[in-house]
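S.K.: Structure supplied as structure_20.txt; contents: compact mmCIF, C-alpha atoms and all ligand atoms.
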# COMPACT_ATOMS: atom_id res chain seq x y z
CA MET A 21 5.56 -44.77 2.42
CA GLU A 22 5.66 -42.14 -0.29
CA LEU A 23 2.07 -42.88 -1.12
CA PHE A 24 1.11 -42.47 2.53
CA LYS A 25 2.88 -39.08 2.73
CA SER A 26 1.16 -37.83 -0.43
CA PHE A 27 -2.16 -39.04 0.89
CA SER A 28 -1.62 -37.29 4.24
CA LEU A 29 -0.52 -34.09 2.51
CA ALA A 30 -3.62 -34.15 0.32
CA ILE A 31 -5.82 -34.59 3.38
CA LEU A 32 -4.01 -31.74 5.17
CA VAL A 33 -4.35 -29.41 2.18
CA GLY A 34 -8.01 -30.37 1.88
CA PHE A 35 -8.55 -29.72 5.55
CA ILE A 36 -6.87 -26.33 5.42
CA SER A 37 -8.77 -25.35 2.24
CA GLY A 38 -12.02 -26.36 3.88
CA GLY A 39 -11.17 -24.34 6.98
CA LEU A 40 -10.23 -21.30 4.91
CA PHE A 41 -13.50 -21.61 2.98
CA ILE A 42 -15.51 -21.67 6.20
CA LEU A 43 -13.53 -18.72 7.54
CA GLU A 44 -14.13 -16.78 4.35
CA ARG A 45 -17.88 -17.48 4.55
CA LYS A 46 -17.97 -16.35 8.17
CA LEU A 47 -16.00 -13.22 7.32
CA SER A 48 -18.36 -12.35 4.44
CA PHE A 49 -21.30 -12.89 6.75
CA LEU A 50 -19.78 -10.60 9.38
CA ILE A 51 -19.04 -7.91 6.77
CA VAL A 52 -22.67 -7.98 5.59
CA ILE A 53 -23.90 -7.71 9.20
CA TYR A 54 -21.52 -4.79 9.86
CA GLU A 55 -22.58 -2.94 6.70
CA LYS A 56 -26.26 -3.41 7.50
CA SER A 57 -25.82 -2.19 11.10
CA THR A 58 -23.81 0.83 9.86
CA GLU A 59 -26.57 1.67 7.38
CA ALA A 60 -29.19 1.32 10.10
CA HIS A 61 -27.13 3.50 12.44
CA GLU A 62 -26.71 6.19 9.76
CA ARG A 63 -30.41 6.00 8.96
CA SER A 64 -31.37 6.41 12.62
CA MET A 65 -28.89 9.30 13.01
CA THR A 66 -30.41 11.02 9.99
CA GLU A 67 -33.88 10.54 11.41
CA ALA A 68 -32.75 11.87 14.82
CA GLU A 69 -31.23 14.91 13.12
CA LYS A 70 -34.42 15.49 11.14
CA LEU A 71 -36.48 15.29 14.31
CA THR A 72 -34.12 17.71 16.10
CA ALA A 73 -34.26 20.18 13.20
CA ALA A 74 -38.07 19.93 13.07
CA TYR A 75 -38.29 20.52 16.83
CA ASN A 76 -35.98 23.55 16.66
CA GLN A 77 -38.02 25.00 13.79
CA HIS A 78 -41.19 24.47 15.81
CA VAL A 79 -39.71 26.28 18.85
CA THR A 80 -38.43 29.17 16.71
CA ARG A 81 -41.77 29.49 14.88
CA SER A 82 -43.66 29.31 18.14
CA ASN A 83 -41.48 32.05 19.66
CA GLN A 84 -41.85 34.21 16.54
CA GLN A 85 -45.62 33.77 16.52
CA ASN A 86 -46.21 34.33 20.21
CA HIS A 87 -43.31 36.64 21.08
CA GLU A 88 -43.44 34.74 24.30
CA CYS A 89 -42.91 36.38 27.63
CA PRO A 90 -43.16 34.47 30.90
CA PRO A 91 -46.64 34.54 32.50
CA GLY A 92 -47.21 37.87 34.24
CA TRP A 93 -44.63 39.70 32.10
CA LYS A 94 -45.50 42.33 29.49
CA LYS A 95 -44.14 42.35 25.95
CA HIS A 96 -42.75 45.50 24.36
CA MET A 97 -40.79 45.35 21.11
CA LYS A 98 -38.45 42.39 21.60
CA ARG A 99 -38.27 42.67 25.39
CA CYS A 100 -40.30 41.40 28.34
CA TYR A 101 -41.03 43.50 31.45
CA PHE A 102 -42.24 42.65 34.92
CA PHE A 103 -43.95 45.29 37.07
CA SER A 104 -43.76 43.87 40.57
CA ARG A 105 -46.30 44.01 43.36
CA GLN A 106 -43.59 42.90 45.78
CA THR A 107 -41.40 45.56 47.32
CA GLY A 108 -37.76 45.64 48.40
CA SER A 109 -34.66 47.78 48.57
CA TRP A 110 -32.95 48.63 45.27
CA ALA A 111 -30.41 45.81 45.84
CA GLU A 112 -33.18 43.31 46.69
CA ALA A 113 -35.12 44.38 43.61
CA GLY A 114 -32.04 43.79 41.43
CA SER A 115 -31.58 40.30 42.95
CA TYR A 116 -35.22 39.50 42.32
CA CYS A 117 -34.85 40.40 38.63
CA ARG A 118 -31.61 38.41 38.30
CA ASN A 119 -33.42 35.30 39.58
CA PHE A 120 -35.29 35.46 36.26
CA ASN A 121 -32.17 36.16 34.16
CA ALA A 122 -33.44 39.72 34.02
CA LYS A 123 -32.24 43.09 35.32
CA LEU A 124 -33.84 46.23 36.73
CA ALA A 125 -35.27 48.01 33.68
CA GLU A 126 -32.97 50.42 31.88
CA PRO A 127 -35.12 52.50 29.49
CA LYS A 128 -32.33 53.58 27.17
CA ASP A 129 -34.45 54.71 24.26
CA GLU A 130 -37.55 56.86 23.88
CA ALA A 131 -39.89 53.96 22.96
CA GLU A 132 -38.90 52.01 26.08
CA PHE A 133 -39.26 55.09 28.28
CA VAL A 134 -42.75 55.78 26.87
CA PHE A 135 -43.80 52.14 27.29
CA ILE A 136 -42.78 52.11 30.99
CA ARG A 137 -44.33 55.55 31.60
CA ASN A 138 -47.64 54.50 30.02
CA THR A 139 -47.72 51.17 31.85
CA ILE A 140 -47.10 52.88 35.21
CA LYS A 141 -49.82 55.45 34.46
CA SER A 142 -52.29 52.70 33.52
CA ARG A 143 -51.86 50.84 36.81
CA ILE A 144 -54.70 52.51 38.69
CA ARG A 145 -54.18 50.79 42.03
CA VAL A 146 -50.54 51.73 42.21
CA ASN A 147 -49.59 54.48 44.63
CA ASN A 148 -45.85 54.01 44.64
CA GLU A 149 -42.85 54.78 42.51
CA TYR A 150 -40.92 51.84 40.97
CA TYR A 151 -37.21 51.14 40.98
CA LEU A 152 -35.33 51.24 37.68
CA GLY A 153 -31.73 50.21 36.97
CA GLY A 154 -30.03 53.63 37.23
CA THR A 155 -27.78 54.68 40.12
CA ASP A 156 -25.20 57.28 41.17
CA ILE A 157 -24.06 55.15 44.10
CA CYS A 158 -20.48 54.94 42.75
CA TYR A 159 -19.94 58.68 42.32
CA GLU A 160 -22.44 61.31 43.43
CA GLY A 161 -24.17 62.96 40.49
CA GLU A 162 -22.70 60.60 37.87
CA TRP A 163 -25.72 58.52 36.87
CA ILE A 164 -25.06 55.15 35.22
CA TRP A 165 -27.05 52.09 34.13
CA ALA A 166 -26.05 49.42 36.65
CA SER A 167 -25.81 46.44 34.28
CA THR A 168 -23.22 48.02 31.99
CA MET A 169 -22.07 51.05 34.03
CA GLU A 170 -22.71 53.21 30.93
CA PRO A 171 -23.47 56.88 31.65
CA ILE A 172 -27.17 57.73 31.39
CA THR A 173 -27.54 60.04 28.42
CA ASN A 174 -31.33 60.06 27.88
CA ALA A 175 -32.41 61.61 31.18
CA HIS A 176 -36.14 61.94 31.87
CA TRP A 177 -35.94 63.37 35.39
CA SER A 178 -39.05 64.79 36.97
CA PRO A 179 -38.76 68.57 37.55
CA GLY A 180 -36.44 69.27 40.51
CA GLU A 181 -34.91 65.77 40.38
CA PRO A 182 -32.42 64.29 40.99
CA ASN A 183 -32.15 66.27 44.23
CA ASN A 184 -30.08 63.83 46.34
CA TYR A 185 -32.41 64.67 49.23
CA PHE A 186 -30.64 64.55 52.63
CA LEU A 187 -27.51 63.69 50.62
CA LYS A 188 -28.57 60.05 50.45
CA GLU A 189 -30.56 59.47 47.26
CA ASN A 190 -28.56 57.26 44.90
CA CYS A 191 -31.09 54.98 43.20
CA MET A 192 -33.45 55.70 40.31
CA THR A 193 -37.22 55.30 40.35
CA VAL A 194 -40.00 56.08 37.91
CA LEU A 195 -42.72 58.21 39.50
CA LEU A 196 -46.44 57.87 38.86
CA ASN A 197 -46.17 60.67 36.28
CA GLY A 198 -43.75 58.41 34.35
CA LEU A 199 -40.72 60.64 35.00
CA TRP A 200 -37.65 59.75 37.04
CA ASN A 201 -36.67 60.44 40.64
CA ASP A 202 -33.69 59.64 42.84
CA ILE A 203 -34.43 58.03 46.21
CA SER A 204 -32.62 56.33 49.08
CA CYS A 205 -31.61 52.84 47.91
CA GLU A 206 -32.92 51.37 51.20
CA THR A 207 -36.52 52.48 50.56
CA SER A 208 -38.83 49.52 50.11
CA LEU A 209 -40.51 49.90 46.70
CA PRO A 210 -41.91 47.84 43.84
CA PHE A 211 -39.70 47.62 40.76
CA VAL A 212 -39.58 46.97 37.01
CA CYS A 213 -37.51 44.06 35.65
CA GLU A 214 -36.52 43.69 32.00
CA ILE A 215 -35.44 40.67 29.95
CA ALA A 216 -33.49 41.62 26.85
CA CA A 301 -27.20 60.73 44.60
CA CA A 302 -35.20 62.68 44.78
Go ahead and express the file in the form of structure tokens.
M.R.:
Amino acid sequence: MELFKSFSLAILVGFISGGLFILERKLSFLIVIYEKSTEAHERSMTEAEKLTAAYNQHVTRSNQQNHECPPGWKKHMKRCYFFSRQTGSWAEAGSYCRNFNAKLAEPKDEAEFVFIRNTIKSRIRVNNEYYLGGTDICYEGEWIWASTMEPITNAHWSPGEPNNYFLKENCMTVLLNGLWNDISCETSLPFVCEIA
């Protein structure tokens, strides 16, 4: 009887040892698989990051080289400008510009003013003034740039302007001589948009 018990115990121990051995082998195998897949994942992440960085560099370089403006827009310094053929009220002109993440042009420095003046003068078929982004619609005589509501400090009004003709001229235009005028905001005119 004792012999039978010892024999059974030995078989049981052998069975368990064998099972543990198999389990250990399977576990080692799974660990190797996991490590390899982790390495592969990290490698592919690194490659994806490299590709992303290379793409971003390409875009930045391309923008630096071309100083890209959308088709039909003109480049000046770091900004893009659109001189429309379409016409609309001052409010419609502003909406049109905003559709392109732009605004009615606000020539705040001398270089920008000269660029717009020269471009207007060079457009030989044009016989109209163009809307810009200045207004005194909030308070008569207090001219501001609409996008920021900053006071306009670098005035380039044409002689005799702004005259608030018929007490209803509250929107800024640039005349064909390149200087500024005030006009009724309902007048249908072409306009200049600017992307900063
Ligand atoms: Ca006015
Ligand atoms: Ca006027």
S.K.: Neighbouring residues of region 189-195 of chain A were defined as those with any atom within 10 Å, considering all atoms listed in the file; residues of the same chain fewer than 6 positions away were excluded. Please report them as a count of residues only.
M.R.: 45
S.K.: Please determine, counting all atoms listed in the file, which residue among A:Leu199, A:Cys100, A:Gln106, A:Asn138 has the shortest atom-to-atom distance to Ala125 (chain A).
M.R.: A:Cys100
S.K.: Would you work out the distance separating CA of Glu88 (chain A) from CA of Ala131 (chain A), expressed in Å to one decimal?
M.R.: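 About the pair CA of Glu88 (chain A) and CA of Ala131 (chain A): they are 19.6 Å apart.
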S.K.: Using all atoms listed in the file, pick whichever of A:Ser115, A:Ile215, A:Leu187, A:Trp200 has the shortest atom-to-atom distance to ligand CA 301 (chain A).
M.R.: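 Checking each candidate against ligand CA 301 (chain A), we get A:Leu187 as the closest.
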S.K.: Return the single residue from A:His96, A:Arg143, A:Tyr116, A:Pro127 that is closest to Asn197 (chain A), with distances computed using only C-alpha atoms.
M.R.: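 That would be A:Arg143, the residue with the smallest distance to Asn197 (chain A).
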